[in-house]
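Asker: I have a structure here, written as structure tokens, and I will follow up with some questions on it.
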Amino acid sequence: MKEFITVLRRFVPPYKRYLVWSVVFNILSAVLNIFSFMAIIPILQILFQTGGDSVPQSLMPISWDNLQEAFSNNANYYVGQLIQNIGPTTTLLVIGIFLAFMTFLKTGAYFLSSATIIPIRTGVVRDIRNQLYHKITSLPLGFFSEERKGDIIARMSGDVAEVENSIMSSLDMLFKNPVLIVAYFSTLLIISWQLTLFTLVFVPVMGWFMGMVGRKLKQNSIKAQALWSDTMSQVEETLGGLRIIKAFCAEKKMNNRFDRINSAYRNDIMRVNIRQQMAHPMSEFLGTVMIVIVLWFGGILVLSGDKMLTGPTFIYYLVMLYSIINPLKEFSKAGYNIPKGLASMERIDKILNAENNIVENPSPRHIASFEHQIEFRNVSFRYDKKWILRNINLTIPKGKTIALVGQSGGGKSTLVDLIPRYYDVQEGEVLIDGVNVKDLGIHNLRQLIGNVNQEAILFNDSFRNNISFGVDGATDEQIAEAAKIANAYDFIMQTEKQFDTPVGDRGSRLSGGQRQRVSIARAILKNPPILILDEATSALDTESERLVQDALERLMKTRTTVAIAHRLSTIKCADEICVIHEGEIVERGTHDQLLAIDGYYKKLNDMQSL
């Protein structure tokens with residue numbers, strides 16, 4: 001319960017006004033329910049003529065000392081007056097109409113109490129999803145290299161849905177059932193405190209049985225949700241690697257692998273649901289047992305001639321007792337539901353509470369433009385315990401093109417990722433115009449930089465929105481001009497809706513060269529002073545490479561460029577080429593100078609020439 005209250009404290013406060021109205025309507029519903037069923041007493045008296053000879057002749061003053069007796073006396077007095085004036089059958093009709101009217105008011109209040117909870121449920125779930133999405137977009141890239149995308153999707157979909165179905169659906173339990181229980185229990189005490197105290201002996205026994213069955217539910221739910229994440233990860237991997245699966249005729253292998261994970265999830269969730277389904281039958285049985293015992297003990301009081309507990313009053317007591325059992329059953333049901341939601345909330349919190357080690361300076365410096373140089377000063381970087389870069393010293397003057405070459409895994413991409421602070425260095429510092437990038441505002445820093453990567457990342461949207469991505473208020477003329485410079489204008493205009501044509505999921509409707517030219521147009525429109533090219537042409541055919549290279553050369557004019565390349569022919573004209581081997585710069589110079597050294601660069605050049 002403590003964890004449940006903690007979750008509510010985190011997410012419910014913005015919806016406090018709905019809570020207030022829910023409590024008000026719940027109180028109204030409980031009071032109306034008590035008074036509507038009170039009509040049962042005179043109905044039974046009329047039908048069975050149990051109070052005909054003892055109709056009170058006068059009203060009795062009401063005080064705390066004689067509350068029950070005075071209330072019963074006065075009610076019987078008014079009923080007696082009605083019988084004398086309009087007859088017993090018409091009085092029965094009047095009392096029936098009163099019961100129906102009170103029930104109408106009660107059900108209306110009950111509906112309003114539930115309706116005011118719905119904005120809280122839906123609002124909290126929306127807020128959790130928003131927080132998750134905002135957290136995902138704010139976390140550093142290093143977080144996602146350790147987490148599976150399928151697992152994150154499962155937490156945003158399955159786990160959030162479980163929180164809604166269990167924790168949020170139990171809000172009624174917290175804000176409705178306590179009100180009903182207190183109201184009904186007070187009524188039971190007023191009717192017969194002896195019988196009520198006797199009944200209380202059995203309530204803790206019922207609670208103990210419910211707790212005994214539900215103790216392991218949360219643990220099983222965590223395991224089941226973890227298996228659901230594995231299932232979603234398998235689906236995500238299959239969609240991404242479908243071409244390879246078909247090429248290697250591995251459909252059966254993947255089907256069997258998915259079936260193992262899916263069946264394990266099914267077995268775990270089956271055990272959780274079976275245990276959960278025990279809540280209603282068990283509470284129903286225990287409630288019936290309690291009613292039987294109360295019926296026996298109450299019958300003794302009635303038959304012994306207790307003036308405070310007549311037959312009709314005892315029937316009313318049983319009705320109220322049965323009314324209080326339903327809220328107690330809801331408590332037991334929530335006792336099964338809430339642990340499942342708390343298990344999902346734990347998994348959600350692993351993302352919400354994930355540490356973001358790319359921390360923005362509380363008082364960041366802002367630079368309006370790039371004026372002088374980028375400098376790597378004694379930079380070393382590692383993932384966990386393995387050093388990727390060691391003692392990098394490199395200066396990139398404004399307007400120059402610096403190329404990085406070397407073996408795969410040597411640290412080239414990591415080096416350029418340090419400039420926009422996708423990662424932070426462990427030793428040394430990266431400076432732009434003499435200012436450490438850690439002292440700059442993150443968005444201010446990244447506005448200075450444009451990226452064109454090996455994999456052209458496009459969104460399932462139109463050409464227009466992909467090119468203008470990140471540039472608010474771009475005009476059609478600016479978008480078209482960027483497409484022309486990137487050699488993308490002609491093929492865009494040949495499509496059905498031109499710039500409004502969707503590019504498909506991750507640009508699936510386009511060729512590799514077309515995707516790359518659209519991503520270059522995006523960088524051109526952003527118009528950054530610093531440009532990072534990460535293997536921008538390595539995956540293209542010769543013709544596409546020529547078109548993309550031409551677009552890149554237009555983009556690189558008057559810009560400071562850091563280019564990673566495996567094809568040395570694309571960086572021959574660079575102002576300086578740095579050869580990175582095992583995390584260190586082992587050679588540097590122009591293309592001709594490095595060939596003259598007859599070192600690592602010349603070996604790379606000779607292999608590509610062959």
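Note on naming: chains are A, B, ... as they come in the structure tokens, residues start from 1 per chain, ligands start from 1 in the order shown.
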May I have the residues within 8 Å of Ala521 of chain A as a list of chain:residue names, using only C-alpha atoms and disregarding those fewer than 6 positions away in the same chain?
Answerer: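 Everything that qualifies: A:Ile467, A:Ile479, A:Ala482, A:Ala483, A:Ile485, A:Ala486, A:Ala488.
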Asker: Go ahead and write the residues just picked, C-alpha atoms, as an mmCIF file, in the first residue's frame.
Answerer:
data_model
loop_
_atom_site.group_PDB
_atom_site.id
_atom_site.type_symbol
_atom_site.label_atom_id
_atom_site.label_comp_id
_atom_site.auth_asym_id
_atom_site.auth_seq_id
_atom_site.Cartn_x
_atom_site.Cartn_y
_atom_site.Cartn_z
ATOM 1 C CA ILE A 467 13.998 18.418 -45.036
ATOM 2 C CA ILE A 479 13.156 23.897 -48.793
ATOM 3 C CA ALA A 482 18.087 23.120 -50.165
ATOM 4 C CA ALA A 483 16.842 20.178 -52.246
ATOM 5 C CA ILE A 485 21.800 22.117 -53.732
ATOM 6 C CA ALA A 486 21.605 18.502 -52.466
ATOM 7 C CA ALA A 488 17.436 15.921 -54.573
#
Asker: Find the spatial neighbours of segment 380-397 of chain A, counting only C-alpha atoms, within a cut-off of 10 Å - ignore same-chain residues fewer than 4 positions away - and output them as a VMD selection string.
Answerer: chain A and resid 142 371 to 376 401 to 402 409 to 412 414 to 415 418 423 to 433 560 to 562 575 to 576 578 580 to 585 588
Asker: Export, as a compact mmCIF listing (two decimals), in the first residue's frame, the selected residues with N, CA, C and O atoms.
Answerer:
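Okay, this is what ended up in result-v3.txt:
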# COMPACT_ATOMS: atom_id res chain seq x y z
N GLY A 142 24.49 6.72 -25.17
CA GLY A 142 25.09 5.57 -24.49
C GLY A 142 24.06 4.71 -23.78
O GLY A 142 24.25 3.49 -23.66
N GLU A 371 33.55 31.05 -34.62
CA GLU A 371 34.45 32.06 -35.17
C GLU A 371 35.87 31.58 -35.40
O GLU A 371 36.53 32.03 -36.34
N HIS A 372 36.40 30.65 -34.58
CA HIS A 372 37.85 30.39 -34.63
C HIS A 372 38.19 28.92 -34.89
O HIS A 372 38.61 28.58 -35.98
N GLN A 373 38.01 28.05 -33.90
CA GLN A 373 38.48 26.68 -34.07
C GLN A 373 37.82 25.72 -33.08
O GLN A 373 37.27 26.13 -32.06
N ILE A 374 37.88 24.42 -33.45
CA ILE A 374 37.52 23.33 -32.53
C ILE A 374 38.83 22.71 -32.07
O ILE A 374 39.73 22.47 -32.88
N GLU A 375 38.93 22.44 -30.79
CA GLU A 375 40.19 21.90 -30.26
C GLU A 375 39.92 20.71 -29.35
O GLU A 375 39.10 20.77 -28.43
N PHE A 376 40.63 19.60 -29.63
CA PHE A 376 40.67 18.46 -28.72
C PHE A 376 41.98 18.57 -27.95
O PHE A 376 43.07 18.52 -28.55
N THR A 401 38.71 21.57 -43.69
CA THR A 401 38.14 20.23 -43.73
C THR A 401 39.16 19.25 -43.17
O THR A 401 40.28 19.13 -43.72
N ILE A 402 38.80 18.58 -42.12
CA ILE A 402 39.67 17.58 -41.48
C ILE A 402 39.04 16.22 -41.68
O ILE A 402 37.86 16.02 -41.39
N GLY A 409 36.34 0.54 -35.71
CA GLY A 409 36.52 0.33 -34.28
C GLY A 409 37.69 1.07 -33.70
O GLY A 409 38.02 0.90 -32.52
N GLY A 410 38.32 1.92 -34.52
CA GLY A 410 39.50 2.65 -34.03
C GLY A 410 39.16 3.86 -33.18
O GLY A 410 40.03 4.41 -32.52
N GLY A 411 37.88 4.33 -33.22
CA GLY A 411 37.48 5.46 -32.39
C GLY A 411 37.12 6.71 -33.17
O GLY A 411 36.91 7.77 -32.57
N LYS A 412 36.99 6.62 -34.51
CA LYS A 412 36.71 7.80 -35.32
C LYS A 412 35.33 8.38 -35.00
O LYS A 412 35.20 9.59 -34.75
N THR A 414 33.48 7.84 -32.41
CA THR A 414 33.45 8.29 -31.02
C THR A 414 34.06 9.68 -30.89
O THR A 414 33.56 10.54 -30.15
N LEU A 415 35.13 9.92 -31.64
CA LEU A 415 35.81 11.22 -31.57
C LEU A 415 34.88 12.35 -32.01
O LEU A 415 34.78 13.38 -31.33
N LEU A 418 32.03 13.41 -29.64
CA LEU A 418 32.37 14.23 -28.47
C LEU A 418 32.12 15.71 -28.73
O LEU A 418 31.96 16.49 -27.78
N TYR A 423 28.55 12.12 -26.02
CA TYR A 423 29.26 11.53 -24.89
C TYR A 423 30.16 12.61 -24.29
O TYR A 423 30.50 13.60 -24.95
N ASP A 424 30.55 12.42 -23.03
CA ASP A 424 31.48 13.33 -22.36
C ASP A 424 32.81 12.63 -22.14
O ASP A 424 32.86 11.44 -21.81
N VAL A 425 33.89 13.38 -22.29
CA VAL A 425 35.23 12.82 -22.12
C VAL A 425 35.50 12.52 -20.65
O VAL A 425 34.95 13.16 -19.75
N GLN A 426 36.33 11.50 -20.39
CA GLN A 426 36.77 11.22 -19.02
C GLN A 426 38.01 12.03 -18.66
O GLN A 426 38.20 12.40 -17.50
N GLU A 427 38.85 12.29 -19.67
CA GLU A 427 40.06 13.08 -19.45
C GLU A 427 40.20 14.10 -20.57
O GLU A 427 39.79 13.86 -21.71
N GLY A 428 40.79 15.24 -20.26
CA GLY A 428 40.99 16.29 -21.25
C GLY A 428 39.71 17.09 -21.46
O GLY A 428 38.76 17.02 -20.68
N GLU A 429 39.70 17.86 -22.57
CA GLU A 429 38.53 18.70 -22.84
C GLU A 429 38.40 18.97 -24.32
O GLU A 429 39.38 18.94 -25.07
N VAL A 430 37.16 19.20 -24.75
CA VAL A 430 36.85 19.59 -26.12
C VAL A 430 36.38 21.03 -26.07
O VAL A 430 35.49 21.38 -25.30
N LEU A 431 37.01 21.89 -26.89
CA LEU A 431 36.70 23.32 -26.84
C LEU A 431 36.24 23.83 -28.20
O LEU A 431 36.75 23.39 -29.25
N ILE A 432 35.29 24.74 -28.17
CA ILE A 432 34.87 25.47 -29.38
C ILE A 432 35.08 26.94 -29.10
O ILE A 432 34.53 27.50 -28.15
N ASP A 433 35.94 27.55 -29.93
CA ASP A 433 36.33 28.96 -29.71
C ASP A 433 36.83 29.18 -28.29
O ASP A 433 36.53 30.20 -27.65
N THR A 560 33.21 24.52 -41.64
CA THR A 560 34.23 23.71 -40.98
C THR A 560 33.74 22.28 -40.96
O THR A 560 32.67 21.99 -40.43
N THR A 561 34.49 21.37 -41.56
CA THR A 561 34.00 20.01 -41.76
C THR A 561 34.94 19.00 -41.12
O THR A 561 36.17 19.08 -41.26
N VAL A 562 34.31 18.04 -40.41
CA VAL A 562 35.04 16.86 -39.92
C VAL A 562 34.42 15.66 -40.63
O VAL A 562 33.24 15.37 -40.44
N ASP A 575 41.98 19.41 -46.04
CA ASP A 575 43.12 20.23 -45.61
C ASP A 575 44.08 19.44 -44.74
O ASP A 575 45.28 19.70 -44.75
N GLU A 576 43.54 18.51 -43.98
CA GLU A 576 44.40 17.65 -43.17
C GLU A 576 43.69 16.31 -42.97
O GLU A 576 42.47 16.24 -42.79
N CYS A 578 43.82 12.81 -40.69
CA CYS A 578 44.35 12.20 -39.45
C CYS A 578 44.07 10.70 -39.51
O CYS A 578 42.92 10.28 -39.70
N ILE A 580 43.73 7.41 -37.55
CA ILE A 580 43.50 6.96 -36.17
C ILE A 580 43.61 5.44 -36.13
O ILE A 580 42.94 4.73 -36.88
N HIS A 581 44.49 4.99 -35.23
CA HIS A 581 44.70 3.54 -35.09
C HIS A 581 44.69 3.20 -33.60
O HIS A 581 45.47 3.74 -32.81
N GLU A 582 43.73 2.33 -33.23
CA GLU A 582 43.59 1.88 -31.84
C GLU A 582 43.50 3.07 -30.87
O GLU A 582 44.16 3.09 -29.82
N GLY A 583 42.70 4.07 -31.27
CA GLY A 583 42.39 5.17 -30.37
C GLY A 583 43.42 6.28 -30.33
O GLY A 583 43.29 7.21 -29.52
N GLU A 584 44.42 6.25 -31.18
CA GLU A 584 45.44 7.29 -31.19
C GLU A 584 45.66 7.80 -32.61
O GLU A 584 45.48 7.05 -33.58
N ILE A 585 46.05 9.07 -32.72
CA ILE A 585 46.40 9.64 -34.03
C ILE A 585 47.84 9.24 -34.32
O ILE A 585 48.78 9.70 -33.64
N ARG A 588 49.42 12.24 -39.57
CA ARG A 588 48.58 13.38 -39.96
C ARG A 588 49.30 14.17 -41.04
O ARG A 588 50.52 14.24 -41.10
Asker: Mind pulling up the distance from atom CA of Gln407 of chain A to atom CA of Gly589 of chain A?
Answerer: 17.5 Å
Asker: Please return as a VMD selection string: the residues of segment 339-415 of chain A that backbone DSSP assigns to strand (DSSP E or B).
Answerer: chain A and resid 365 373 to 383 386 to 397 401 to 405
Asker: Given the selection you just returned, output its residues as a file containing N, CA and C atoms, formatted as an mmCIF file, in the first residue's frame.
Answerer:
data_model
loop_
_atom_site.group_PDB
_atom_site.id
_atom_site.type_symbol
_atom_site.label_atom_id
_atom_site.label_comp_id
_atom_site.auth_asym_id
_atom_site.auth_seq_id
_atom_site.Cartn_x
_atom_site.Cartn_y
_atom_site.Cartn_z
ATOM 1 N N ARG A 365 27.102 29.001 -20.888
ATOM 2 C CA ARG A 365 27.522 30.091 -21.758
ATOM 3 C C ARG A 365 26.909 29.884 -23.143
ATOM 4 N N GLN A 373 38.008 28.047 -33.901
ATOM 5 C CA GLN A 373 38.484 26.676 -34.072
ATOM 6 C C GLN A 373 37.820 25.723 -33.081
ATOM 7 N N ILE A 374 37.880 24.420 -33.446
ATOM 8 C CA ILE A 374 37.517 23.331 -32.528
ATOM 9 C C ILE A 374 38.829 22.712 -32.066
ATOM 10 N N GLU A 375 38.932 22.439 -30.787
ATOM 11 C CA GLU A 375 40.186 21.902 -30.261
ATOM 12 C C GLU A 375 39.918 20.708 -29.348
ATOM 13 N N PHE A 376 40.625 19.605 -29.628
ATOM 14 C CA PHE A 376 40.674 18.461 -28.717
ATOM 15 C C PHE A 376 41.983 18.565 -27.946
ATOM 16 N N ARG A 377 41.888 18.697 -26.628
ATOM 17 C CA ARG A 377 43.082 18.910 -25.813
ATOM 18 C C ARG A 377 43.269 17.742 -24.835
ATOM 19 N N ASN A 378 44.244 16.882 -25.149
ATOM 20 C CA ASN A 378 44.568 15.725 -24.287
ATOM 21 C C ASN A 378 43.320 14.891 -23.971
ATOM 22 N N VAL A 379 42.540 14.599 -25.003
ATOM 23 C CA VAL A 379 41.256 13.921 -24.808
ATOM 24 C C VAL A 379 41.447 12.412 -24.723
ATOM 25 N N SER A 380 40.858 11.812 -23.692
ATOM 26 C CA SER A 380 40.786 10.353 -23.555
ATOM 27 C C SER A 380 39.356 9.986 -23.212
ATOM 28 N N PHE A 381 38.906 8.866 -23.793
ATOM 29 C CA PHE A 381 37.511 8.458 -23.582
ATOM 30 C C PHE A 381 37.450 6.946 -23.497
ATOM 31 N N ARG A 382 36.553 6.452 -22.633
ATOM 32 C CA ARG A 382 36.370 5.003 -22.508
ATOM 33 C C ARG A 382 34.893 4.681 -22.317
ATOM 34 N N TYR A 383 34.509 3.480 -22.790
ATOM 35 C CA TYR A 383 33.242 2.865 -22.435
ATOM 36 C C TYR A 383 33.538 1.861 -21.329
ATOM 37 N N LYS A 386 37.186 -0.031 -20.912
ATOM 38 C CA LYS A 386 38.027 -0.095 -22.109
ATOM 39 C C LYS A 386 38.203 1.306 -22.689
ATOM 40 N N TRP A 387 39.464 1.725 -22.837
ATOM 41 C CA TRP A 387 39.771 3.036 -23.417
ATOM 42 C C TRP A 387 39.607 2.964 -24.926
ATOM 43 N N ILE A 388 38.804 3.887 -25.472
ATOM 44 C CA ILE A 388 38.566 3.962 -26.918
ATOM 45 C C ILE A 388 39.477 5.012 -27.551
ATOM 46 N N LEU A 389 39.696 6.121 -26.867
ATOM 47 C CA LEU A 389 40.568 7.191 -27.344
ATOM 48 C C LEU A 389 41.598 7.502 -26.264
ATOM 49 N N ARG A 390 42.844 7.769 -26.683
ATOM 50 C CA ARG A 390 43.894 8.079 -25.720
ATOM 51 C C ARG A 390 44.705 9.267 -26.203
ATOM 52 N N ASN A 391 44.731 10.322 -25.367
ATOM 53 C CA ASN A 391 45.624 11.473 -25.578
ATOM 54 C C ASN A 391 45.488 12.087 -26.981
ATOM 55 N N ILE A 392 44.250 12.414 -27.341
ATOM 56 C CA ILE A 392 43.991 13.027 -28.645
ATOM 57 C C ILE A 392 44.205 14.542 -28.537
ATOM 58 N N ASN A 393 45.104 15.059 -29.392
ATOM 59 C CA ASN A 393 45.304 16.502 -29.498
ATOM 60 C C ASN A 393 45.100 16.885 -30.960
ATOM 61 N N LEU A 394 44.086 17.679 -31.205
ATOM 62 C CA LEU A 394 43.729 18.007 -32.588
ATOM 63 C C LEU A 394 43.067 19.381 -32.622
ATOM 64 N N THR A 395 43.503 20.208 -33.560
ATOM 65 C CA THR A 395 42.904 21.536 -33.745
ATOM 66 C C THR A 395 42.293 21.602 -35.136
ATOM 67 N N ILE A 396 41.036 22.039 -35.214
ATOM 68 C CA ILE A 396 40.313 22.138 -36.480
ATOM 69 C C ILE A 396 39.970 23.610 -36.697
ATOM 70 N N PRO A 397 40.746 24.336 -37.506
ATOM 71 C CA PRO A 397 40.463 25.771 -37.716
ATOM 72 C C PRO A 397 39.164 25.975 -38.484
ATOM 73 N N THR A 401 38.713 21.574 -43.692
ATOM 74 C CA THR A 401 38.140 20.225 -43.727
ATOM 75 C C THR A 401 39.165 19.247 -43.175
ATOM 76 N N ILE A 402 38.802 18.580 -42.118
ATOM 77 C CA ILE A 402 39.666 17.584 -41.479
ATOM 78 C C ILE A 402 39.037 16.220 -41.682
ATOM 79 N N ALA A 403 39.832 15.285 -42.216
ATOM 80 C CA ALA A 403 39.330 13.936 -42.471
ATOM 81 C C ALA A 403 39.927 12.965 -41.464
ATOM 82 N N LEU A 404 39.116 12.007 -41.031
ATOM 83 C CA LEU A 404 39.557 10.963 -40.108
ATOM 84 C C LEU A 404 39.454 9.632 -40.827
ATOM 85 N N VAL A 405 40.551 8.897 -40.885
ATOM 86 C CA VAL A 405 40.551 7.589 -41.533
ATOM 87 C C VAL A 405 41.189 6.580 -40.591
#
Asker: Grab the atom CA of Leu321 of chain A to atom CA of Met38 of chain A distance for me, in Å with one decimal place.
Answerer: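 Rounded to one decimal, the two atoms are 13.0 Å apart.
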Asker: Could you tell me, as a VMD selection string, which residues of segment 270-432 of chain A DSSP assigns to alpha helix (DSSP H) when given the backbone?
Answerer: chain A and resid 270 to 277 279 to 303 311 to 352 412 to 417
